[in-house]
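Undergrad: One structure follows; several queries about it will come next.
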Amino acid sequence: MTASDEPWWRTAVLYQIYPRSFADSNADGVGDIPGIIEHLEHLQWLGVDGIWLSPVTVSPNADWGYDVSDFCAIAPEFGTLDDFDRLVTAAGERGIRVLMDIVPNHTSVQHPWFVDSRSSRTATHREWYVWADGNEGGEPPNNWVSSFGGPGWTLDETTGQYYFHNHLQDQPDLNWWNDEVRDTFDGIFRFWSDRGVAGFRIDVCNVIIKDAELRDNPPATEDDDFETQMFGQRSVYNANRPEVHEVIRRWRRQADSYDEHRLLIGETPVPVDKLAEYYGDGTDELGLAFNFSFITAPFRAAEMRAIVEETEAALPPGAWPAWTGSNHDMFRFPTRWAEDDPAKIRLALLLLLCLRGTPVLYQGDEIGMGDVTLERDDLRDPLGVRFYPYYAGRDAGRTPMQWSDRRGGGFTESERSWLPLGDVATTNVAAQREDRDSILSLCRDAIAFRRRHHEFSAGDATSLATPEGVWAWTRGERHVVALNMSPEEVLLDGMAGTIRLCTDRSREVEVAGDALRLAASEGVVLELP
Ligand code: GLC
């Protein structure tokens with residue numbers, strides 16, 4: 001593939017914005033679209049090529065935007081459709097593309113489709129959702145449970161049938177066997193694509209088709225992972241159905257019908273062998289698929305390397321991986337992987353930005369923002385509210401962006417933000433921008449390096465033999481990435497070249513003759529002699 005026919009997103013760095021927590025322009029404590037526009041300069045300076053916005057569409061916010069009640073309108077707390085159009089234009093002028101989050105699996109209970117659907121068994125939208133009679137004992141139709149805890153079925157008194165929800169009761173699942181649902185979503189994709197949106201992150205992409213016969217899920221066994229055992233069943237029939245691929249192929253045809261193909265990036269929390277299936281033949285399903293085995297891997301060379309190699313081996317020819325360490329559901333890698341240790345945070349950033357694939361940063365990753373400890377009264381995620389203290393929910397990774405050390409962190413002028421801020425004095429964009437040694441400067445320089453060296457960001461990668469605790473690979477013909485993920489200094493014999501990037505910035509342009517010394521948690525990009 002030459003640079004000219006390569007899709008833009010292969011060499012791109014993507015960046016997830018959680019709009020509620022990015023920048024508040026009108027002092028109501030909630031981030032908004034004008035706030036994003038005001039901070040495009042930061043994203044351009046950082047070198048970001050595309051931003052994915054968590055949902056900005058209308059929602060009663062039972063699940064903070066992931067319960068949509070109008071797929072083609074902007075939620076008032078975020079602004080207007082005009083603001084959104086201004087964002088697309090202003091971002092475009094800075095070379096930044098905008099991706100929407102689309103939630104095809106379910107709607108809000110307040111969506112007019114569901115309001116109609118539940119009104120009678122013969123309603124126009126009845127078949128748009130998954131309705132079924134209870135079984136003879138008056139129990140739910142089958143044993144499916146919600147991934148948010150509790151039964152997956154809720155009895156609706158009006159019509160005496162149950163509706164199915166893979167998440168909250170407030171998020172009824174759509175019936176993707178229904179052609180009108182499919183056609184309607186084609187229209188939603190077109191609505192946003194025609195406004196200049198460069199692609200879509202598809203929410204719970206693996207879940208949208210439910211077994212047509214509503215068969216019971218099989219019980220979990222001792223061999224299953226922790227989560228499966230916790231739910232007591234394997235999600236064989238309420239998710240992960242093979243027929244989902246036909247739907248994704250349909251979306252891809254539509255995405256490719258635009259002169260500049262729209263990117264489809266899927267939320268695909270499935271094992272690596274299944275993940276590969278979501279790329280279809282490498283050209284006809286998702287353009288990128290989030291790799292949850294990687295996100296949840298321990299920050300150790302052997303384990304991470306194994307997952308990356310397994311992924312590379314599993315993907316069909318022509319497919320391209322995506323790498324991410326944080327998002328609004330899975331918390332922040334600076335805490336999860338790096339235990340808030342700056343050296344490890346730097347190492348993890350270098351790792352994300354140097355693997356073969358598209359890195360997707362989450363807002364705050366660039367300054368090493370970690371999870372924020374919250375009090376019970378601060379919690380806003382329905383899962384935290386429901387399961388505290390056993391599970392505090394996802395808010396710790398959703399707190400506002402820390403722009404400066406001012407009161408409100410440069411995020412808001414309001415007395416209160418919707419979630420409390422972390423420690424803005426120690427971690428903020430403004431201070432790190434001034435500091436050549438900061439995490440932010442390293443992140444920016446690594447992104448710039450990718451951009452300068454196309455063969456680095458687009459080239460092949462081959463793992464190299466290394467001592468335990470070290471992970472190294474080639475990028476293209478001229479570079480080697482070497483990461484010491486162990487707590488001991490190592491000496492890598494036979495590794496020679498010029499250090500072009502290093503987590504310890506004072507070592508850049510040092511020349512390694514025939515052996516490379518790496519301190520604990522140190523990583524480099526070497527240019528080969
Ligand atoms: C996805 C979203 C998550 C949401 C869920 C239900 O996993 O990322 O935030 O709660 O879908 O829509």
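FYI, nothing fancy with the structure tokens labels: chains A, B, ... in order, residues from 1 per chain, ligands from 1 as they appear.
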Skip A:Trp131 itself and residues of its chain fewer than 4 positions away, then list as a ChimeraX atom specification all residues within 12 Å of it, counting only C-alpha atoms.
TA: /A:114,117-118,120-122,125-127,140-142,152-156,159-165,172-175,210,212-214
Undergrad: How would you report the residues lying within 6 Å of ligand 1, as a ChimeraX atom specification, if you count only C-alpha atoms and all ligand atoms?
TA: /A:63,66,167,203-204,329
Undergrad: In Å, with one decimal, what is the gap from atom CA of A:Val68 to atom CA of A:Val207?
TA: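 Spanning atom CA of A:Val68 to atom CA of A:Val207 is a straight-line distance of 16.7 Å.
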Undergrad: Rank A:Asp256, A:Asp179, A:Glu522, A:Asp284 by their smallest atom-to-atom distance to A:Leu349, using only C-alpha atoms, and report the top residue only.
TA: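 Nearest to A:Leu349: A:Glu522.
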Undergrad: With distances taken over only C-alpha atoms, which of A:Asp435, A:Asp101, A:Glu468, A:Glu510 is nearest to A:Glu267?
TA: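 Closest candidate: A:Asp101.
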Undergrad: Rounded to one decimal, what separation in Å do you get between atom CA of A:Gly318 and atom CA of A:Pro271?
TA: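 Here the two named atoms are 19.9 Å from each other.
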Undergrad: DSSP on the backbone: which residues in stretch 353-519 of chain A end up as strand (DSSP E)? Give the answer as an mmCIF file with all heavy atoms, in the first residue's frame.
TA:
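Below you can see out.cif, which holds the result:
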data_model
loop_
_atom_site.group_PDB
_atom_site.id
_atom_site.type_symbol
_atom_site.label_atom_id
_atom_site.label_comp_id
_atom_site.auth_asym_id
_atom_site.auth_seq_id
_atom_site.Cartn_x
_atom_site.Cartn_y
_atom_site.Cartn_z
ATOM 1 N N THR A 358 -2.981 1.941 15.155
ATOM 2 C CA THR A 358 -3.433 3.300 15.441
ATOM 3 C C THR A 358 -3.602 3.478 16.939
ATOM 4 O O THR A 358 -4.405 2.782 17.551
ATOM 5 C CB THR A 358 -4.768 3.572 14.713
ATOM 6 O OG1 THR A 358 -4.571 3.393 13.316
ATOM 7 C CG2 THR A 358 -5.269 4.979 14.991
ATOM 8 N N PRO A 359 -2.853 4.400 17.544
ATOM 9 C CA PRO A 359 -3.058 4.650 18.964
ATOM 10 C C PRO A 359 -4.309 5.506 19.178
ATOM 11 O O PRO A 359 -4.552 6.438 18.420
ATOM 12 C CB PRO A 359 -1.811 5.437 19.394
ATOM 13 C CG PRO A 359 -1.054 5.761 18.160
ATOM 14 C CD PRO A 359 -1.774 5.223 16.970
ATOM 15 N N VAL A 360 -5.070 5.169 20.189
ATOM 16 C CA VAL A 360 -6.222 5.996 20.558
ATOM 17 C C VAL A 360 -5.999 6.452 21.997
ATOM 18 O O VAL A 360 -6.087 5.656 22.927
ATOM 19 C CB VAL A 360 -7.552 5.226 20.442
ATOM 20 C CG1 VAL A 360 -8.732 6.190 20.679
ATOM 21 C CG2 VAL A 360 -7.687 4.542 19.081
ATOM 22 N N LEU A 361 -5.667 7.733 22.139
ATOM 23 C CA LEU A 361 -5.460 8.286 23.476
ATOM 24 C C LEU A 361 -6.797 8.722 24.044
ATOM 25 O O LEU A 361 -7.716 9.070 23.302
ATOM 26 C CB LEU A 361 -4.517 9.487 23.413
ATOM 27 C CG LEU A 361 -3.111 9.220 22.881
ATOM 28 C CD1 LEU A 361 -2.320 10.522 22.791
ATOM 29 C CD2 LEU A 361 -2.374 8.213 23.769
ATOM 30 N N TYR A 362 -6.885 8.724 25.347
ATOM 31 C CA TYR A 362 -8.080 9.223 26.042
ATOM 32 C C TYR A 362 -7.686 10.550 26.663
ATOM 33 O O TYR A 362 -6.557 10.695 27.165
ATOM 34 C CB TYR A 362 -8.467 8.198 27.100
ATOM 35 C CG TYR A 362 -9.641 8.558 27.987
ATOM 36 C CD1 TYR A 362 -10.836 9.016 27.454
ATOM 37 C CD2 TYR A 362 -9.560 8.397 29.373
ATOM 38 C CE1 TYR A 362 -11.915 9.315 28.277
ATOM 39 C CE2 TYR A 362 -10.633 8.682 30.199
ATOM 40 C CZ TYR A 362 -11.810 9.150 29.646
ATOM 41 O OH TYR A 362 -12.874 9.442 30.462
ATOM 42 N N ALA A 461 6.242 -4.396 11.856
ATOM 43 C CA ALA A 461 6.882 -4.539 13.168
ATOM 44 C C ALA A 461 7.255 -6.001 13.350
ATOM 45 O O ALA A 461 6.461 -6.891 13.025
ATOM 46 C CB ALA A 461 5.922 -4.105 14.265
ATOM 47 N N THR A 462 8.455 -6.247 13.836
ATOM 48 C CA THR A 462 8.873 -7.616 14.132
ATOM 49 C C THR A 462 9.475 -7.644 15.525
ATOM 50 O O THR A 462 10.348 -6.827 15.836
ATOM 51 C CB THR A 462 9.959 -8.086 13.128
ATOM 52 O OG1 THR A 462 9.493 -7.818 11.816
ATOM 53 C CG2 THR A 462 10.258 -9.565 13.274
ATOM 54 N N SER A 463 8.997 -8.578 16.340
ATOM 55 C CA SER A 463 9.528 -8.688 17.704
ATOM 56 C C SER A 463 10.974 -9.155 17.671
ATOM 57 O O SER A 463 11.355 -9.960 16.819
ATOM 58 C CB SER A 463 8.723 -9.697 18.502
ATOM 59 O OG SER A 463 7.457 -9.170 18.779
ATOM 60 N N VAL A 470 11.993 -7.256 29.141
ATOM 61 C CA VAL A 470 12.228 -6.274 28.079
ATOM 62 C C VAL A 470 11.402 -6.675 26.869
ATOM 63 O O VAL A 470 11.186 -7.856 26.609
ATOM 64 C CB VAL A 470 13.729 -6.227 27.692
ATOM 65 C CG1 VAL A 470 13.974 -5.236 26.559
ATOM 66 C CG2 VAL A 470 14.561 -5.865 28.922
ATOM 67 N N TRP A 471 10.938 -5.667 26.168
ATOM 68 C CA TRP A 471 10.157 -5.924 24.951
ATOM 69 C C TRP A 471 10.715 -5.007 23.879
ATOM 70 O O TRP A 471 10.847 -3.793 24.095
ATOM 71 C CB TRP A 471 8.697 -5.616 25.255
ATOM 72 C CG TRP A 471 7.715 -5.869 24.156
ATOM 73 C CD1 TRP A 471 7.907 -6.569 22.992
ATOM 74 C CD2 TRP A 471 6.358 -5.416 24.132
ATOM 75 N NE1 TRP A 471 6.757 -6.584 22.262
ATOM 76 C CE2 TRP A 471 5.791 -5.887 22.932
ATOM 77 C CE3 TRP A 471 5.565 -4.663 25.000
ATOM 78 C CZ2 TRP A 471 4.463 -5.624 22.582
ATOM 79 C CZ3 TRP A 471 4.257 -4.401 24.653
ATOM 80 C CH2 TRP A 471 3.702 -4.884 23.468
ATOM 81 N N ALA A 472 11.065 -5.583 22.744
ATOM 82 C CA ALA A 472 11.636 -4.772 21.669
ATOM 83 C C ALA A 472 11.123 -5.251 20.325
ATOM 84 O O ALA A 472 10.853 -6.443 20.141
ATOM 85 C CB ALA A 472 13.161 -4.846 21.709
ATOM 86 N N TRP A 473 10.964 -4.306 19.418
ATOM 87 C CA TRP A 473 10.504 -4.659 18.080
ATOM 88 C C TRP A 473 11.037 -3.657 17.072
ATOM 89 O O TRP A 473 11.376 -2.528 17.434
ATOM 90 C CB TRP A 473 8.969 -4.741 18.024
ATOM 91 C CG TRP A 473 8.233 -3.477 18.324
ATOM 92 C CD1 TRP A 473 7.828 -2.525 17.440
ATOM 93 C CD2 TRP A 473 7.805 -3.010 19.624
ATOM 94 N NE1 TRP A 473 7.162 -1.509 18.091
ATOM 95 C CE2 TRP A 473 7.136 -1.775 19.428
ATOM 96 C CE3 TRP A 473 7.911 -3.516 20.921
ATOM 97 C CZ2 TRP A 473 6.586 -1.049 20.487
ATOM 98 C CZ3 TRP A 473 7.367 -2.775 21.967
ATOM 99 C CH2 TRP A 473 6.710 -1.568 21.749
ATOM 100 N N THR A 474 11.104 -4.082 15.837
ATOM 101 C CA THR A 474 11.520 -3.167 14.782
ATOM 102 C C THR A 474 10.298 -2.415 14.278
ATOM 103 O O THR A 474 9.182 -2.921 14.347
ATOM 104 C CB THR A 474 12.108 -3.928 13.581
ATOM 105 O OG1 THR A 474 11.091 -4.816 13.083
ATOM 106 C CG2 THR A 474 13.331 -4.743 13.968
ATOM 107 N N ARG A 475 10.511 -1.186 13.813
ATOM 108 C CA ARG A 475 9.446 -0.473 13.092
ATOM 109 C C ARG A 475 10.033 -0.039 11.761
ATOM 110 O O ARG A 475 10.965 0.768 11.724
ATOM 111 C CB ARG A 475 8.974 0.761 13.857
ATOM 112 C CG ARG A 475 7.957 0.580 14.949
ATOM 113 C CD ARG A 475 6.811 -0.344 14.643
ATOM 114 N NE ARG A 475 5.980 -0.047 13.476
ATOM 115 C CZ ARG A 475 4.952 0.787 13.461
ATOM 116 N NH1 ARG A 475 4.629 1.452 14.520
ATOM 117 N NH2 ARG A 475 4.233 0.960 12.368
ATOM 118 N N HIS A 479 14.151 1.566 12.339
ATOM 119 C CA HIS A 479 14.001 1.867 13.770
ATOM 120 C C HIS A 479 13.734 0.632 14.616
ATOM 121 O O HIS A 479 13.138 -0.336 14.147
ATOM 122 C CB HIS A 479 12.862 2.868 13.989
ATOM 123 C CG HIS A 479 13.143 4.221 13.414
ATOM 124 N ND1 HIS A 479 12.670 4.619 12.197
ATOM 125 C CD2 HIS A 479 13.881 5.255 13.897
ATOM 126 C CE1 HIS A 479 13.090 5.849 11.941
ATOM 127 N NE2 HIS A 479 13.837 6.253 12.951
ATOM 128 N N VAL A 480 14.170 0.731 15.858
ATOM 129 C CA VAL A 480 13.865 -0.298 16.856
ATOM 130 C C VAL A 480 13.291 0.409 18.080
ATOM 131 O O VAL A 480 13.785 1.472 18.483
ATOM 132 C CB VAL A 480 15.145 -1.081 17.240
ATOM 133 C CG1 VAL A 480 14.935 -1.871 18.527
ATOM 134 C CG2 VAL A 480 15.547 -2.030 16.120
ATOM 135 N N VAL A 481 12.236 -0.191 18.627
ATOM 136 C CA VAL A 481 11.668 0.297 19.880
ATOM 137 C C VAL A 481 12.087 -0.698 20.953
ATOM 138 O O VAL A 481 11.948 -1.910 20.754
ATOM 139 C CB VAL A 481 10.123 0.340 19.790
ATOM 140 C CG1 VAL A 481 9.516 0.870 21.080
ATOM 141 C CG2 VAL A 481 9.677 1.163 18.592
ATOM 142 N N ALA A 482 12.627 -0.221 22.048
ATOM 143 C CA ALA A 482 13.026 -1.135 23.134
ATOM 144 C C ALA A 482 12.520 -0.586 24.456
ATOM 145 O O ALA A 482 12.769 0.578 24.794
ATOM 146 C CB ALA A 482 14.551 -1.282 23.162
ATOM 147 N N LEU A 483 11.767 -1.401 25.167
ATOM 148 C CA LEU A 483 11.165 -0.973 26.431
ATOM 149 C C LEU A 483 11.619 -1.896 27.547
ATOM 150 O O LEU A 483 11.459 -3.120 27.447
ATOM 151 C CB LEU A 483 9.630 -1.051 26.339
ATOM 152 C CG LEU A 483 8.951 -0.408 25.126
ATOM 153 C CD1 LEU A 483 7.443 -0.636 25.211
ATOM 154 C CD2 LEU A 483 9.252 1.084 25.049
ATOM 155 N N ASN A 484 12.157 -1.312 28.574
ATOM 156 C CA ASN A 484 12.504 -2.109 29.750
ATOM 157 C C ASN A 484 11.338 -2.005 30.738
ATOM 158 O O ASN A 484 11.199 -1.005 31.438
ATOM 159 C CB ASN A 484 13.798 -1.593 30.379
ATOM 160 C CG ASN A 484 14.157 -2.377 31.637
ATOM 161 O OD1 ASN A 484 13.530 -3.400 31.933
ATOM 162 N ND2 ASN A 484 15.150 -1.899 32.363
ATOM 163 N N VAL A 490 18.925 -2.973 32.601
ATOM 164 C CA VAL A 490 19.342 -4.075 31.717
ATOM 165 C C VAL A 490 20.354 -3.554 30.701
ATOM 166 O O VAL A 490 20.381 -2.361 30.390
ATOM 167 C CB VAL A 490 18.152 -4.697 30.937
ATOM 168 C CG1 VAL A 490 17.201 -5.423 31.860
ATOM 169 C CG2 VAL A 490 17.433 -3.640 30.118
ATOM 170 N N LEU A 491 21.113 -4.499 30.177
ATOM 171 C CA LEU A 491 22.052 -4.165 29.109
ATOM 172 C C LEU A 491 21.674 -5.035 27.915
ATOM 173 O O LEU A 491 21.647 -6.272 28.030
ATOM 174 C CB LEU A 491 23.475 -4.472 29.574
ATOM 175 C CG LEU A 491 24.561 -3.906 28.673
ATOM 176 C CD1 LEU A 491 24.570 -2.373 28.727
ATOM 177 C CD2 LEU A 491 25.935 -4.452 29.082
ATOM 178 N N LEU A 492 21.352 -4.403 26.805
ATOM 179 C CA LEU A 492 20.936 -5.166 25.627
ATOM 180 C C LEU A 492 22.119 -5.249 24.664
ATOM 181 O O LEU A 492 22.444 -4.292 23.963
ATOM 182 C CB LEU A 492 19.738 -4.501 24.955
ATOM 183 C CG LEU A 492 18.508 -4.295 25.849
ATOM 184 C CD1 LEU A 492 17.409 -3.574 25.094
ATOM 185 C CD2 LEU A 492 18.006 -5.632 26.383
ATOM 186 N N ASP A 493 22.758 -6.406 24.668
ATOM 187 C CA ASP A 493 23.928 -6.601 23.810
ATOM 188 C C ASP A 493 23.519 -6.571 22.347
ATOM 189 O O ASP A 493 22.471 -7.084 21.977
ATOM 190 C CB ASP A 493 24.576 -7.966 24.108
ATOM 191 C CG ASP A 493 25.359 -7.899 25.402
ATOM 192 O OD1 ASP A 493 25.922 -6.822 25.687
ATOM 193 O OD2 ASP A 493 25.355 -8.911 26.129
ATOM 194 N N GLY A 497 22.732 2.007 17.761
ATOM 195 C CA GLY A 497 22.006 3.020 17.002
ATOM 196 C C GLY A 497 21.971 4.332 17.761
ATOM 197 O O GLY A 497 22.580 4.473 18.814
ATOM 198 N N THR A 498 21.219 5.274 17.203
ATOM 199 C CA THR A 498 21.110 6.591 17.834
ATOM 200 C C THR A 498 19.752 6.692 18.516
ATOM 201 O O THR A 498 18.730 6.389 17.908
ATOM 202 C CB THR A 498 21.212 7.697 16.753
ATOM 203 O OG1 THR A 498 22.396 7.446 15.995
ATOM 204 C CG2 THR A 498 21.264 9.074 17.379
ATOM 205 N N ILE A 499 19.777 7.127 19.755
ATOM 206 C CA ILE A 499 18.521 7.264 20.492
ATOM 207 C C ILE A 499 17.778 8.497 19.988
ATOM 208 O O ILE A 499 18.258 9.618 20.131
ATOM 209 C CB ILE A 499 18.790 7.374 22.014
ATOM 210 C CG1 ILE A 499 19.441 6.086 22.523
ATOM 211 C CG2 ILE A 499 17.507 7.692 22.772
ATOM 212 C CD1 ILE A 499 19.752 6.089 24.011
ATOM 213 N N ARG A 500 16.643 8.278 19.361
ATOM 214 C CA ARG A 500 15.857 9.390 18.818
ATOM 215 C C ARG A 500 14.775 9.852 19.777
ATOM 216 O O ARG A 500 14.386 11.010 19.773
ATOM 217 C CB ARG A 500 15.218 8.993 17.485
ATOM 218 C CG ARG A 500 16.225 8.835 16.369
ATOM 219 C CD ARG A 500 16.890 10.174 16.074
ATOM 220 N NE ARG A 500 17.970 10.042 15.102
ATOM 221 C CZ ARG A 500 18.940 10.918 14.952
ATOM 222 N NH1 ARG A 500 18.999 11.993 15.730
ATOM 223 N NH2 ARG A 500 19.876 10.738 14.057
ATOM 224 N N LEU A 501 14.243 8.921 20.542
ATOM 225 C CA LEU A 501 13.246 9.263 21.563
ATOM 226 C C LEU A 501 13.582 8.436 22.780
ATOM 227 O O LEU A 501 13.933 7.255 22.654
ATOM 228 C CB LEU A 501 11.845 8.843 21.115
ATOM 229 C CG LEU A 501 11.000 9.744 20.238
ATOM 230 C CD1 LEU A 501 9.722 9.008 19.856
ATOM 231 C CD2 LEU A 501 10.655 11.060 20.942
ATOM 232 N N CYS A 502 13.441 9.045 23.954
ATOM 233 C CA CYS A 502 13.700 8.282 25.172
ATOM 234 C C CYS A 502 12.809 8.821 26.286
ATOM 235 O O CYS A 502 12.562 10.035 26.357
ATOM 236 C CB CYS A 502 15.174 8.399 25.566
ATOM 237 S SG CYS A 502 15.577 7.419 27.042
ATOM 238 N N VAL A 511 24.433 7.913 21.304
ATOM 239 C CA VAL A 511 24.672 6.818 20.368
ATOM 240 C C VAL A 511 25.067 5.569 21.150
ATOM 241 O O VAL A 511 25.947 5.623 22.002
ATOM 242 C CB VAL A 511 25.792 7.186 19.371
ATOM 243 C CG1 VAL A 511 26.093 6.016 18.442
ATOM 244 C CG2 VAL A 511 25.390 8.420 18.565
ATOM 245 N N ALA A 512 24.339 4.492 20.877
ATOM 246 C CA ALA A 512 24.706 3.220 21.502
ATOM 247 C C ALA A 512 25.602 2.481 20.520
ATOM 248 O O ALA A 512 25.209 2.249 19.369
ATOM 249 C CB ALA A 512 23.456 2.408 21.814
ATOM 250 N N ALA A 515 25.946 -1.964 22.541
ATOM 251 C CA ALA A 515 25.062 -2.440 23.608
ATOM 252 C C ALA A 515 24.264 -1.238 24.108
ATOM 253 O O ALA A 515 24.752 -0.116 24.102
ATOM 254 C CB ALA A 515 25.869 -3.048 24.751
ATOM 255 N N LEU A 516 23.031 -1.511 24.493
ATOM 256 C CA LEU A 516 22.159 -0.424 24.963
ATOM 257 C C LEU A 516 21.799 -0.668 26.417
ATOM 258 O O LEU A 516 21.291 -1.731 26.762
ATOM 259 C CB LEU A 516 20.894 -0.388 24.097
ATOM 260 C CG LEU A 516 19.820 0.604 24.518
ATOM 261 C CD1 LEU A 516 20.269 2.043 24.246
ATOM 262 C CD2 LEU A 516 18.521 0.318 23.764
ATOM 263 N N ARG A 517 22.095 0.309 27.234
ATOM 264 C CA ARG A 517 21.731 0.209 28.640
ATOM 265 C C ARG A 517 20.386 0.894 28.835
ATOM 266 O O ARG A 517 20.160 2.000 28.341
ATOM 267 C CB ARG A 517 22.805 0.914 29.479
ATOM 268 C CG ARG A 517 22.565 0.906 30.979
ATOM 269 C CD ARG A 517 23.649 1.723 31.710
ATOM 270 N NE ARG A 517 23.805 3.065 31.156
ATOM 271 C CZ ARG A 517 22.988 4.092 31.423
ATOM 272 N NH1 ARG A 517 21.955 3.929 32.221
ATOM 273 N NH2 ARG A 517 23.202 5.280 30.883
ATOM 274 N N LEU A 518 19.484 0.212 29.508
ATOM 275 C CA LEU A 518 18.189 0.822 29.812
ATOM 276 C C LEU A 518 17.960 0.755 31.313
ATOM 277 O O LEU A 518 18.034 -0.322 31.918
ATOM 278 C CB LEU A 518 17.049 0.079 29.107
ATOM 279 C CG LEU A 518 16.923 0.244 27.587
ATOM 280 C CD1 LEU A 518 15.740 -0.579 27.079
ATOM 281 C CD2 LEU A 518 16.748 1.711 27.201
#
